[in-house]
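Chemist: Below is the structure I would like to discuss, written out as structure tokens.
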Amino acid sequence: MATRPVSGRSPKSLWLRVGGWFEARSHIYEGLLPIVQHPVPKTGKVGWWYVFGSATLTAFIIQVITGVALAMTYSAAPSVAYDTLQFITSGAPFGHLLRGMHYFGASAMVVLITIHVLRIFLMGSYKFPREFNWLTGAFLLVLTAAIAFTGQLLRWDQDGYWSVVVMAEQAGKTPLIGQAIAQLVVAGSTVGGATLTRFFGIHVFLLPALIGGFVLVHLWLVVFDGISEPPQPGVTVDPSTYKQRYHELLEREGVPFFPDAAWRDAAFAAVVVGVIMLLAAVVGAPELGKPADPTLVNANPRPDWYFLWYFAVLSLIPPVLEDWVILSVPVLLGVLVIMVPFVSNRGERHPSRRPLAVFLVGGMLISLAVLTIEGYQAHWSPDIQAAQNAPIPDQVLQRAQAAGARPGAQVFENKGCHTCHAVAGTGGQKGPDLTTVGSRLNREELIIRVLNGGNNMPAFAGNMSDQELQQLVAFLETLKR
Amino acid sequence: MPKSFIRLEGLGEPRSRRRFLANVTFGLSGLIGAALGVPLIGYIFGPLIKPSPNAWVAVGSLSDFPLGQTKLTKLPDPSSLPWAGQTADTAVWVRRTGQQTFDVFSVNCTHLGCPVNWLADANLFECPCHGGIYYANGQVAAGPPPRALFQHDVRVVGDQVQVLTSPLPTAGL
């Protein structure tokens with residue numbers, strides 16, 4: 001592309017002359033114009049489905065910008081990390097907003113890249129000749145999950161600390177070298193001074209650099225092979241003719257990416273930035289939990305919301321299968337994802353002609369939603385603080401009192417029954433709800449259950465005096481409709 | 001960007017000067033990469049190259065541990081770094097089973113490492129993450145844990161109870 005002709009006579013042309021001089025030495029226009037104006041298919045309203053890739057990039061840029069600011073104060077030494085975060089949140093000018101933006105930016109990045117991948121999959125945009133775009137995108141998805149996870153740890157509250165431990169334990173399940181991998185994860189024999197600094201280095205240098213590099217390749221490929229045209233039922237991809245057909249399509253009705261398509265990206269990016277800043281200003285960064293302290297076992301570690309589904313998976317898979325699931329499912333999923341564009345790189349692209357694709361995405365979304373809700377409720381976790389948090393309701397106690405079974409309610413709390421069994425809406429959800437157990441089981445049956453346990457319940461024989469057992473059963477018998 | 005490349009005459013020939021220079025360029029680039037990569041990779045793998053040694057650490061005197069009781073006890077990490085702060089300590093559950101005998105359990109659930117809580121009246125350990133439950137002797141009572149709680153070696157020296165530190169325990173296949 002030639003530089004613009006510069007007229008030396010008109011007084012208006014000063015800018016043009018400066019611009020021309022600059023361009024002649026920098027070649028910015030010459031180099032970038034063919035890229036930003038590369039022809040793209042006319043998308044019409046379907047074009048709004050094409051904005052999620054650039055929106056993900058927008059979220060990433062927000063993360064880089066807010067991350068740079070946070071890194072100016074945050075210190076990755078376990079002795080002070082938590083305090084520096086507190087200072088950022090409540091002491092530093094704009095700190096609260098920046099931390100909030102970094103938090104919601106992370107959520108946005110995870111959500112947007114997921115939508116982007118699903119859009120690409122549903123519209124068959126990964127098919128020939130865009131297989132490598134799918135692969136680089138798959139790496140970006142993994143890197144996004146990794147950077148989200150490592151970021152969560154940097155809060156260095158109890159959730160962050162125990163997340164490291166849980167991650168190391170999962171890595172530790174690898175046969176033979178498990179212990180070594182676990183020690184690499186925590187950068188030593190236990191979680192300590194070297195752990196957080198290592199995660200900090202990975203989170204702020206390694207992963208962003210990798211993401212940036214993959215984004216460049218990803219975009220490079222988009223410029224060369226173009227974005228996929230909106231799919232139409234019956235119009236199939238055939239590797240032997242596709243490129244020519246795509247080329248003809250661009251000749252016939254192609255438009256320059258900038259500004260004909262780019263304006264939608266800009267509009268949606270503005271919405272993304274707006275929503276993130278609004279949430280950061282109004283809702284704010286999440287409250288920090290208690291500072292990380294391995295000697296405080298009274299913790300209730302939970303991952304951030306976008307990993308709750310996996311937290312649920314880890315709780316719900318049968319224990320016999322668990323190690324195999326933890327080790328092989330991520331590998332299998334990875335292989336499947338990598339295979340997608342090679343197994344199906346031709347044929348129909350429109351979702352209406354690809355019921356399997358729609359079924360898979362639908363199934364995945366429903367599973368994720370169900371698992372996330374399960375993970376949020378975590379009914380498999382005992383409510384260890386049940387006695388303090390949610391005592392047995394008075395009316396239940398009064399009924400027990402009337403039946404002379406009040407001491408049994410105390411045994412019920414003391415022996416931890418309440419941490420797993422709900423009574424009238426209080427207590428844990430791990431075991432069956434006992435609100436009306438007196439109507440279901442008779443005295444003998446109750447005694448057998450308590451003494452023998454079973455079905456995922458501890459046996460209390462030898463763990464309870466005979467008097468306590470009699471009191472407990474008397475109390476359980478009062479729990480009736 | 002220049003549209004065409006200068007024809008690389010002789011590059012394909014095995015003994016040409018150009019072929020030689022190309023090989024030198026690739027070779028030197030590879031060497032530079034390796035030279036820069038070795039220290040970084042070595043640093044990353046450092047914890048394996050120089051593992052921190054286990055050590056006997058005093059956790060208290062005999063009178064601190066009443067017979068039959070299970071007590072949460074801090075276990076200082078002998079290899080901790082000056083900036084480790086709170087994480088310079090880990091915790092263990094110390095259960096005195098006899099005059100000179102102890103069971104010392106790691107607080108880490110054998111399922112995925114979350115901290116187990118001791119319910120003294122119920123005589124049970126409960127894990128807050130995925131619901132693992134253990135009896136007082138560390139055996140699994142319920143939930144997903146694949147094995148009993150990990151134990152530390154323990155010894156009594158004079159009046160002092162000493163526990164051998166260990167790396168974060170993992171339950172591999």
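Residue numbers start at 1 in each chain; chains themselves are named A, B, ... in the order of the structure tokens; ligands are numbered from 1 in the order shown.
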Write out as number ranges by chain the set of residues from chain B that DSSP, computed on the backbone, places in strand (DSSP E).
Modeler: B: 56-61, 70-76, 89-96, 102-106, 117-119, 124-126, 133-135, 140-142, 151-152, 154-157, 160-164
Chemist: Would you mind listing what lies within 7 Å of region 210-221 of chain A as a list in words, with only C-alpha atoms counted and same-chain residues fewer than 2 positions away left out?
Modeler: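 Contacts, in chain order: Asn133, Thr136, Gly137, Leu140, Leu143, Leu206, Leu207, Pro208, Val223, Phe224 and Asp225 of chain A.
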Chemist: Which residues of chain B are close to chain A, meaning at most 6 Å apart when you count only C-alpha atoms, and how do they look as a short mmCIF file (atom, residue, chain, number, x, y, z; two decimals) with C-alpha atoms, in the first residue's frame?
Modeler:
```
data_model
loop_
_atom_site.label_atom_id
_atom_site.label_comp_id
_atom_site.auth_asym_id
_atom_site.auth_seq_id
_atom_site.Cartn_x
_atom_site.Cartn_y
_atom_site.Cartn_z
CA PRO B 47 12.42 -28.41 44.97
CA LEU B 81 11.59 -19.44 54.57
CA TRP B 83 8.81 -14.67 54.65
CA ALA B 84 6.58 -17.73 55.09
CA GLY B 85 4.54 -15.97 57.77
CA GLN B 86 1.66 -18.06 59.04
CA THR B 87 2.53 -20.87 56.61
CA THR B 90 1.48 -26.75 59.78
CA ALA B 91 -0.78 -28.60 62.14
CA LEU B 112 -7.88 -34.25 48.59
CA GLY B 113 -6.01 -32.66 51.44
CA PRO B 115 -8.19 -29.97 56.90
CA ASP B 121 -17.74 -35.63 71.78
CA ALA B 122 -18.52 -37.60 68.64
CA PRO B 128 -15.42 -29.82 55.40
CA CYS B 129 -14.72 -30.19 51.66
CA HIS B 130 -16.11 -33.43 50.31
CA GLY B 131 -17.43 -35.01 53.47
CA ALA B 141 -15.75 -44.04 58.71
CA ALA B 142 -17.55 -42.56 55.70
CA GLY B 143 -17.18 -40.49 52.58
CA PRO B 144 -14.69 -40.56 49.72
CA PRO B 167 6.17 -33.54 53.02
CA LEU B 168 2.54 -32.87 52.16
CA THR B 170 -0.41 -37.71 48.93
CA GLY B 172 -1.35 -42.00 44.95
CA LEU B 173 -2.59 -44.97 42.97
#
```
Chemist: Using only C-alpha atoms, which residues sit within 8 Å of Phe65 (chain B) once same-chain residues fewer than 6 positions away are excluded, as an mmCIF file with N, CA and C atoms, in the first residue's frame?
Modeler:
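So the final result, stored in selection-v4.cif, reads:
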```cif
data_model
loop_
_atom_site.group_PDB
_atom_site.id
_atom_site.type_symbol
_atom_site.label_atom_id
_atom_site.label_comp_id
_atom_site.auth_asym_id
_atom_site.auth_seq_id
_atom_site.Cartn_x
_atom_site.Cartn_y
_atom_site.Cartn_z
ATOM 1 N N LYS B 71 -5.622 -33.672 70.204
ATOM 2 C CA LYS B 71 -5.375 -32.239 70.347
ATOM 3 C C LYS B 71 -4.720 -31.679 69.087
ATOM 4 N N VAL B 94 -2.658 -34.640 67.550
ATOM 5 C CA VAL B 94 -1.886 -35.543 68.410
ATOM 6 C C VAL B 94 -2.850 -36.252 69.366
ATOM 7 N N ARG B 95 -2.841 -37.593 69.317
ATOM 8 C CA ARG B 95 -3.724 -38.365 70.195
ATOM 9 C C ARG B 95 -2.855 -39.228 71.102
ATOM 10 N N ARG B 96 -3.018 -39.038 72.386
ATOM 11 C CA ARG B 96 -2.213 -39.843 73.316
ATOM 12 C C ARG B 96 -2.942 -41.148 73.589
#
```
Chemist: Could you tell me how far CA of Lys42 (chain A) sits from CA of Glu253 (chain A), in Å to one decimal place?
Modeler: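 For CA of Glu253 (chain A) relative to CA of Lys42 (chain A), the distance reads 6.5 Å.
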Chemist: Can you work out which one of A:Val110, A:Val64, A:Ala281, A:Ile115 has the shortest atom-to-atom distance to Val142 (chain A), counting only C-alpha atoms?
Modeler: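 That would be A:Val110, the residue with the smallest distance to Val142 (chain A).
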Chemist: At what distance in Å, to one decimal, does CA of His421 (chain A) lie from CA of Gly132 (chain B)?
Modeler: 14.8 Å
Chemist: Write out as a PyMOL selection string each polymer residue whose atoms come within 9 Å of Trp305 (chain A), counting only C-alpha atoms; drop sequence neighbours fewer than 6 positions from it.
Modeler: chain A and resi 107+372+375-376
Chemist: May I have the selected residues written with C-alpha atoms, as a PDB file, in the first residue's frame?
Modeler:
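selection-v3.pdb, freshly written:
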```pdb
ATOM      1  CA  SER A 107     -15.215 -14.073  35.498  1.00  0.00           C
ATOM      2  CA  THR A 372     -22.493 -25.767  39.708  1.00  0.00           C
ATOM      3  CA  GLY A 375     -21.242 -27.483  44.158  1.00  0.00           C
ATOM      4  CA  TYR A 376     -22.844 -24.377  45.596  1.00  0.00           C
TER       5      TYR A 376
END
```
Chemist: Per DSSP on the backbone, what are the helix (DSSP H, G or I) residues of region 25-136 of chain B, as a PyMOL selection string?
Modeler: chain B and resi 25-44+46-49+62-64+85-88
Chemist: Identify, on the basis of only C-alpha atoms, every residue whose closest approach to region 228-236 of chain A does not exceed 10 Å; exclude the query and any residue fewer than 2 positions from it along the same chain; express the result as JSON, numbers by chain.
Modeler: {"A": [40, 41, 42, 43, 44, 45, 46, 47, 49, 50, 120, 122, 123, 124, 125, 126, 127, 128, 129, 130, 222, 225, 226, 238, 239, 242, 246, 249, 250, 346, 347, 348, 349, 350, 351, 352, 353, 354]}
Chemist: Create the file for the chosen residues now, containing N, CA and C atoms and written as a tab-separated table (two decimals), in the first residue's frame.
Modeler:
```tsv
chain	number	residue	atom	x	y	z
A	40	VAL	N	-13.98	-9.46	4.89
A	40	VAL	CA	-14.70	-10.49	5.65
A	40	VAL	C	-16.08	-10.67	5.02
A	41	PRO	N	-16.67	-11.83	5.20
A	41	PRO	CA	-18.00	-12.05	4.64
A	41	PRO	C	-19.01	-11.13	5.32
A	42	LYS	N	-20.02	-10.73	4.58
A	42	LYS	CA	-21.10	-9.95	5.17
A	42	LYS	C	-21.86	-10.85	6.13
A	43	THR	N	-22.02	-10.41	7.36
A	43	THR	CA	-22.65	-11.32	8.32
A	43	THR	C	-24.06	-10.89	8.68
A	44	GLY	N	-24.39	-9.61	8.52
A	44	GLY	CA	-25.70	-9.14	8.95
A	44	GLY	C	-25.85	-9.31	10.45
A	45	LYS	N	-27.08	-9.63	10.89
A	45	LYS	CA	-27.32	-9.72	12.33
A	45	LYS	C	-26.59	-10.89	12.97
A	46	VAL	N	-26.33	-11.93	12.17
A	46	VAL	CA	-25.57	-13.07	12.71
A	46	VAL	C	-24.23	-12.59	13.25
A	47	GLY	N	-23.76	-11.44	12.73
A	47	GLY	CA	-22.47	-10.89	13.14
A	47	GLY	C	-22.36	-10.70	14.63
A	49	TRP	N	-23.01	-12.78	16.78
A	49	TRP	CA	-22.45	-14.01	17.35
A	49	TRP	C	-20.93	-14.03	17.21
A	50	TYR	N	-20.40	-13.11	16.40
A	50	TYR	CA	-18.96	-13.16	16.12
A	50	TYR	C	-18.15	-12.25	17.05
A	120	ILE	N	-18.26	-21.25	18.13
A	120	ILE	CA	-17.42	-21.83	17.07
A	120	ILE	C	-17.83	-23.27	16.81
A	122	LEU	N	-20.80	-24.77	17.57
A	122	LEU	CA	-22.16	-24.92	17.06
A	122	LEU	C	-22.25	-24.50	15.60
A	123	MET	N	-21.47	-23.50	15.19
A	123	MET	CA	-21.54	-23.03	13.81
A	123	MET	C	-20.52	-23.74	12.92
A	124	GLY	N	-19.84	-24.73	13.45
A	124	GLY	CA	-18.88	-25.47	12.64
A	124	GLY	C	-17.77	-24.61	12.08
A	125	SER	N	-17.43	-23.54	12.78
A	125	SER	CA	-16.40	-22.62	12.26
A	125	SER	C	-15.00	-23.21	12.34
A	126	TYR	N	-14.86	-24.33	13.07
A	126	TYR	CA	-13.54	-24.93	13.24
A	126	TYR	C	-13.17	-25.80	12.04
A	127	LYS	N	-14.12	-25.99	11.12
A	127	LYS	CA	-13.86	-26.93	10.01
A	127	LYS	C	-12.85	-26.34	9.04
A	128	PHE	N	-12.43	-27.13	8.09
A	128	PHE	CA	-11.42	-26.72	7.13
A	128	PHE	C	-11.65	-25.29	6.65
A	129	PRO	N	-10.65	-24.46	6.55
A	129	PRO	CA	-9.22	-24.68	6.84
A	129	PRO	C	-8.81	-24.11	8.19
A	130	ARG	N	-9.73	-24.10	9.15
A	130	ARG	CA	-9.47	-23.37	10.40
A	130	ARG	C	-9.16	-24.30	11.57
A	222	VAL	N	-6.56	-15.91	11.70
A	222	VAL	CA	-7.82	-15.30	11.28
A	222	VAL	C	-7.57	-14.40	10.07
A	225	ASP	N	-6.78	-16.89	6.97
A	225	ASP	CA	-7.85	-17.75	6.45
A	225	ASP	C	-9.22	-17.10	6.56
A	226	GLY	N	-9.28	-15.92	7.16
A	226	GLY	CA	-10.54	-15.21	7.25
A	226	GLY	C	-11.46	-15.80	8.29
A	238	ASP	N	-16.22	-28.53	1.82
A	238	ASP	CA	-15.46	-29.57	1.14
A	238	ASP	C	-14.05	-29.03	0.97
A	239	PRO	N	-13.06	-29.64	1.63
A	239	PRO	CA	-11.70	-29.07	1.59
A	239	PRO	C	-11.18	-28.83	0.18
A	242	TYR	N	-13.45	-25.54	-0.83
A	242	TYR	CA	-13.85	-24.49	0.11
A	242	TYR	C	-13.13	-23.17	-0.13
A	246	TYR	N	-14.90	-19.67	-0.79
A	246	TYR	CA	-14.78	-18.58	0.18
A	246	TYR	C	-14.21	-17.34	-0.51
A	249	LEU	N	-16.81	-15.77	-2.56
A	249	LEU	CA	-17.78	-15.10	-1.69
A	249	LEU	C	-17.26	-13.72	-1.30
A	250	LEU	N	-15.97	-13.65	-0.95
A	250	LEU	CA	-15.39	-12.37	-0.56
A	250	LEU	C	-15.37	-11.40	-1.74
A	346	ARG	N	-15.24	-31.37	7.64
A	346	ARG	CA	-15.99	-31.13	6.40
A	346	ARG	C	-17.48	-31.27	6.67
A	347	GLY	N	-18.30	-31.01	5.67
A	347	GLY	CA	-19.73	-31.25	5.80
A	347	GLY	C	-20.50	-30.03	6.27
A	348	GLU	N	-21.69	-30.33	6.80
A	348	GLU	CA	-22.61	-29.27	7.20
A	348	GLU	C	-22.03	-28.43	8.33
A	349	ARG	N	-22.37	-27.14	8.32
A	349	ARG	CA	-21.94	-26.28	9.42
A	349	ARG	C	-23.12	-25.77	10.23
A	350	HIS	N	-24.29	-25.70	9.60
A	350	HIS	CA	-25.42	-25.08	10.31
A	350	HIS	C	-25.91	-25.99	11.44
A	351	PRO	N	-26.14	-25.40	12.63
A	351	PRO	CA	-26.56	-26.23	13.77
A	351	PRO	C	-27.80	-27.07	13.47
A	352	SER	N	-28.71	-26.57	12.61
A	352	SER	CA	-29.94	-27.33	12.35
A	352	SER	C	-29.65	-28.63	11.63
A	353	ARG	N	-28.47	-28.73	11.02
A	353	ARG	CA	-28.10	-29.97	10.33
A	353	ARG	C	-27.11	-30.79	11.15
A	354	ARG	N	-26.80	-30.33	12.35
A	354	ARG	CA	-25.82	-31.05	13.17
A	354	ARG	C	-26.40	-31.31	14.56
```
Chemist: Would you kindly return, as an MDAnalysis selection string, each protein, DNA or RNA residue with an atom no farther than 8 Å from any atom of Val156 (chain B), considering only C-alpha atoms and excluding same-chain residues fewer than 5 positions away?
Modeler: chainID B and resid 100 161:162
Chemist: Please measure the separation of CA of Pro39 (chain B) and CA of Phe26 (chain B), giving the value in Å to one decimal.
Modeler: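 Distance reported for this atom pair: 21.1 Å.
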